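This is final-v2.cif. It holds mmCIF, C-alpha atoms.
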```cif
data_upload
#
loop_
_atom_site.label_atom_id
_atom_site.label_comp_id
_atom_site.auth_asym_id
_atom_site.auth_seq_id
_atom_site.Cartn_x
_atom_site.Cartn_y
_atom_site.Cartn_z
CA MET A 1 -205.78 -91.21 -90.92
CA VAL A 2 -207.16 -88.24 -89.01
CA LEU A 3 -205.87 -86.98 -85.66
CA ASP A 4 -207.83 -84.51 -83.55
CA TYR A 5 -205.16 -82.12 -82.25
CA LYS A 6 -207.59 -80.86 -79.62
CA GLN A 7 -207.10 -84.20 -77.82
CA LEU A 8 -203.32 -83.57 -77.44
CA PRO A 9 -201.27 -80.90 -75.68
CA ASN A 10 -201.17 -77.75 -77.79
CA ASP A 11 -198.07 -77.53 -79.96
CA SER A 12 -197.44 -74.87 -82.61
CA LEU A 13 -195.62 -77.26 -84.99
CA GLY A 14 -198.03 -80.17 -84.68
CA TYR A 15 -197.34 -83.91 -84.54
CA TRP A 16 -195.61 -86.50 -86.68
CA LEU A 17 -197.20 -89.87 -87.23
CA VAL A 18 -194.31 -92.11 -86.15
CA VAL A 19 -194.33 -95.63 -87.63
CA ASP A 20 -192.33 -98.60 -86.39
CA ARG A 21 -192.35 -100.91 -89.42
CA SER A 22 -190.56 -103.65 -87.46
CA ALA A 23 -193.35 -103.71 -84.84
CA GLN A 24 -190.73 -104.36 -82.15
CA ASN A 25 -192.09 -101.61 -79.84
CA ASP A 26 -188.59 -100.15 -79.74
CA PHE A 27 -189.45 -96.70 -81.13
CA SER A 28 -185.75 -95.77 -81.37
CA ILE A 29 -185.27 -92.52 -83.28
CA ASP A 30 -183.14 -94.21 -85.92
CA ARG A 31 -185.69 -96.93 -86.72
CA MET A 32 -188.81 -94.86 -87.24
CA GLU A 33 -190.57 -93.37 -90.21
CA TYR A 34 -191.75 -89.79 -89.55
CA ILE A 35 -194.81 -88.53 -91.45
CA GLU A 36 -196.08 -84.95 -91.24
CA PRO A 37 -199.77 -84.26 -91.76
CA ASP A 38 -200.77 -83.25 -95.27
CA SER A 39 -203.13 -80.64 -93.92
CA ILE A 40 -204.75 -79.36 -90.74
CA SER A 41 -208.35 -78.20 -90.84
CA PRO A 42 -209.59 -74.99 -89.12
CA ASP A 43 -211.12 -77.17 -86.39
CA SER A 44 -207.70 -78.80 -85.61
CA LEU A 45 -208.05 -82.09 -87.47
CA ALA A 46 -204.71 -83.29 -88.89
CA PHE A 47 -204.93 -85.43 -92.04
CA TYR A 48 -202.26 -88.02 -92.86
CA SER A 49 -202.84 -89.29 -96.41
CA ASN A 50 -201.47 -92.03 -98.65
CA LEU A 51 -200.46 -94.27 -95.77
CA TYR A 52 -199.49 -97.83 -96.55
CA TRP A 53 -199.40 -100.30 -93.69
CA ASP A 54 -197.50 -103.54 -93.42
CA ASN A 55 -195.23 -102.98 -96.44
CA ASP A 56 -193.05 -105.92 -95.38
CA LEU A 57 -196.08 -108.27 -95.05
CA SER A 58 -195.10 -109.16 -91.49
CA GLY A 59 -198.68 -108.75 -90.35
CA LYS A 60 -197.99 -105.77 -88.11
CA ASP A 61 -196.76 -102.21 -87.83
CA ASN A 62 -196.81 -100.04 -84.70
CA PHE A 63 -197.44 -96.31 -84.65
CA SER A 64 -197.52 -93.39 -82.28
CA PHE A 65 -197.36 -89.61 -82.48
CA ALA A 66 -194.47 -87.26 -81.60
CA LYS A 67 -194.15 -83.50 -81.46
CA ILE A 68 -192.62 -82.08 -84.61
CA GLN A 69 -189.26 -80.40 -83.99
CA GLU A 70 -187.82 -77.53 -86.06
CA LEU A 71 -184.52 -79.42 -86.40
CA PHE A 72 -184.41 -83.20 -86.04
CA ALA A 73 -181.84 -85.70 -87.27
CA SER A 74 -181.06 -89.38 -86.78
CA VAL A 75 -177.82 -91.33 -86.89
CA ARG A 76 -178.12 -94.92 -88.09
CA VAL A 77 -175.41 -97.57 -87.94
CA VAL A 78 -175.11 -99.01 -91.45
CA GLU A 79 -172.12 -101.31 -90.93
CA LEU A 80 -170.12 -102.30 -87.86
CA PRO A 81 -166.36 -102.82 -87.88
CA THR A 82 -165.13 -106.40 -87.42
CA CYS A 83 -161.93 -108.01 -86.16
CA THR A 84 -160.84 -108.73 -89.74
CA ASN A 85 -161.85 -105.33 -91.13
CA TYR A 86 -161.56 -102.96 -88.21
CA GLN A 87 -162.27 -99.85 -90.30
CA GLN A 88 -165.41 -100.92 -92.12
CA GLY A 89 -167.75 -98.99 -89.79
CA GLN A 90 -170.31 -96.84 -91.54
CA VAL A 91 -173.03 -94.50 -90.25
CA ASN A 92 -175.81 -92.60 -92.00
CA ILE A 93 -176.86 -89.14 -90.79
CA GLN A 94 -180.28 -88.09 -92.05
CA VAL A 95 -182.06 -84.83 -91.31
CA ILE A 96 -185.74 -85.59 -90.87
CA LYS A 97 -186.79 -81.98 -90.36
CA GLY A 98 -184.83 -78.80 -90.96
CA VAL A 99 -183.37 -76.58 -93.65
CA GLY A 100 -179.84 -77.28 -94.88
CA PRO A 101 -177.07 -77.07 -95.66
CA TYR A 102 -175.70 -78.52 -92.42
CA GLN A 103 -172.16 -78.52 -91.05
CA TYR A 104 -170.88 -81.56 -89.17
CA GLU A 105 -167.83 -82.63 -87.23
CA TRP A 106 -167.50 -86.33 -86.39
CA LEU A 107 -164.92 -87.00 -83.65
CA LYS A 108 -163.68 -90.19 -82.04
CA GLN A 109 -163.60 -89.52 -78.31
CA ASP A 110 -160.23 -91.19 -77.69
CA GLY A 111 -158.58 -88.92 -80.28
CA THR A 112 -157.13 -91.78 -82.37
CA MET A 113 -158.83 -90.59 -85.54
CA ASP A 114 -158.71 -87.22 -87.27
CA PRO A 115 -162.14 -85.59 -87.16
CA LYS A 116 -164.35 -85.89 -90.23
CA MET A 117 -165.82 -82.50 -91.12
CA GLY A 118 -167.91 -81.10 -93.90
CA SER A 119 -171.36 -80.07 -94.99
CA PHE A 120 -174.37 -81.81 -96.49
CA GLU A 121 -177.93 -81.06 -97.55
CA ASN A 122 -180.21 -83.78 -96.14
CA GLU A 123 -178.25 -86.99 -95.72
CA ILE A 124 -174.66 -88.21 -95.56
CA GLU A 125 -172.84 -91.51 -94.98
CA LEU A 126 -169.55 -91.58 -93.10
CA GLU A 127 -167.31 -94.53 -93.86
CA ASN A 128 -164.04 -96.13 -92.73
CA LEU A 129 -164.88 -95.85 -89.03
CA SER A 130 -163.19 -98.07 -86.46
CA ALA A 131 -164.85 -99.31 -83.27
CA GLY A 132 -165.21 -96.71 -80.55
CA THR A 133 -167.30 -93.92 -79.13
CA TYR A 134 -167.95 -90.88 -81.30
CA GLU A 135 -169.45 -87.46 -80.88
#
```

Transcribe the structure of this file into structure tokens.
Amino acid sequence: MVLDYKQLPNDSLGYWLVVDRSAQNDFSIDRMEYIEPDSISPDSLAFYSNLYWDNDLSGKDNFSFAKIQELFASVRVVELPTCTNYQQGQVNIQVIKGVGPYQYEWLKQDGTMDPKMGSFENEIELENLSAGTYE
């Protein structure tokens, strides 16, 4: 796939090809696949190579473009707590763009849980979370 950057607002970092494999038109940060161009020609053509569409054989994928950020991360819910296992909540934090290591502090807003703190390189899963609002 080739994108002519001259057709978009000028941006020094360029643009990700953003793919929604579910084709739900949601484009939530935590559901997308972010692909940087392999190369950019002197005349501002961005090349995205080795793309595979419709990996799940659903018959559709959606895509768009987004400005590349120097630091960009997503938080995905892996598992929700239930009434019978109220501390089975699990989230995944993945850095899509940036240079680690990263420091994190995961706090429950009502203060009923000690903060989880630490560092990671590119991705981490936090487990044993109860229902609530976190920051």

Legend entry - Spatial sel., origin (-204.0, -79.8, -82.9), limit 12 Å, all atoms listed in the file, listed as an MDAnalysis selection string: chainID A and resid 2:16 37 39:47 65 67:68

Inset, instruction - Could you expand the PyMOL selection byres ((chain A and resi 74) around 9) into the explicit residues it covers here, written as JSON, numbers by chain? - result: {"A": [29, 30, 31, 72, 73, 75, 76, 92, 93, 94, 95, 96]}

Inset, instruction - Can you work out the spacing between CA of Pro115 in chain A and CA of Pro81 in chain A in Å, to one decimal? - result: 17.8 Å

Inset, instruction - Measure the distance from CA of Glu105 in chain A to CA of Leu126 in chain A in Å and round it to one decimal. - result: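 Taking CA of Glu105 in chain A and CA of Leu126 in chain A, their separation equals 10.8 Å.
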
Legend entry - Which residue of A:Met117, A:Val99, A:Ala23, A:Ala131 approaches Lys60 in chain A most closely, using all atoms listed in the file: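 Among A:Met117, A:Val99, A:Ala23, A:Ala131, it is A:Ala23 that comes nearest to Lys60 in chain A.
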
Inset, instruction - Find, counting all atoms listed in the file, the residue in A:Leu129, A:Ile35, A:Val18, A:Cys83 that gets nearest to Asn62 in chain A. - result: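 The closest residue to Asn62 in chain A is A:Val18.
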
Legend entry - Contacts of Thr82 in chain A at 10 Å (all atoms listed in the file; same-chain gap of 4+ positions) as a list of chain:residue names: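 With the cut-off at 10 Å, the set is A:Tyr86, A:Gln87, A:Gln88, A:Gly89, A:Ser130, A:Ala131.
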
Legend entry - Expected residue set, 10 Å radius at (-162.6, -90.3, -75.8), all atoms listed in the file, as a ChimeraX atom specification: /A:107-112,132-135

Legend entry - Using all atoms listed in the file: which of A:Lys116, A:Met1, A:Ser58, A:Asn122 has the shortest distance to Leu71 in chain A: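 The shortest atom-to-atom distance to Leu71 in chain A comes from A:Asn122.
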
Inset, instruction - Name the residues in contact with Tyr102 in chain A at a cut-off of 7 Å, using all atoms listed in the file, excluding same-chain residues fewer than 4 positions from it; report them as a list of chain:residue names. - result: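 Counting all atoms listed in the file, the residues come to A:Ser119, A:Phe120, A:Glu121.
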
Inset, instruction - Could you tell me how far CA of Asp38 in chain A lies from CA of Glu70 in chain A, in Å and to one decimal? - result: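 Between these atoms lies a distance of 16.9 Å.
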
Inset, instruction - Apply the PyMOL selection byres ((chain A and resi 19) around 6) to the displayed file and report the matching residues as an MDAnalysis selection string. - result: chainID A and resid 18 20:21 32:33 62:63

Legend entry - Minimum-distance residue to Ser64 in chain A, chosen among A:Thr84, A:Val78, A:Asp26, A:Pro101 (using only C-alpha atoms):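 Ranking A:Thr84, A:Val78, A:Asp26, A:Pro101 by distance to Ser64 in chain A, first place goes to A:Asp26.
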
Inset, instruction - For each of A:Ser49, A:Gln90, A:Asp61, A:Leu80, take the minimum atom-to-atom distance to Asn128 in chain A, counting only C-alpha atoms, then give the residue where this is smallest. - result: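 When distances to Asn128 in chain A are compared using only C-alpha atoms, the smallest one comes from A:Gln90.
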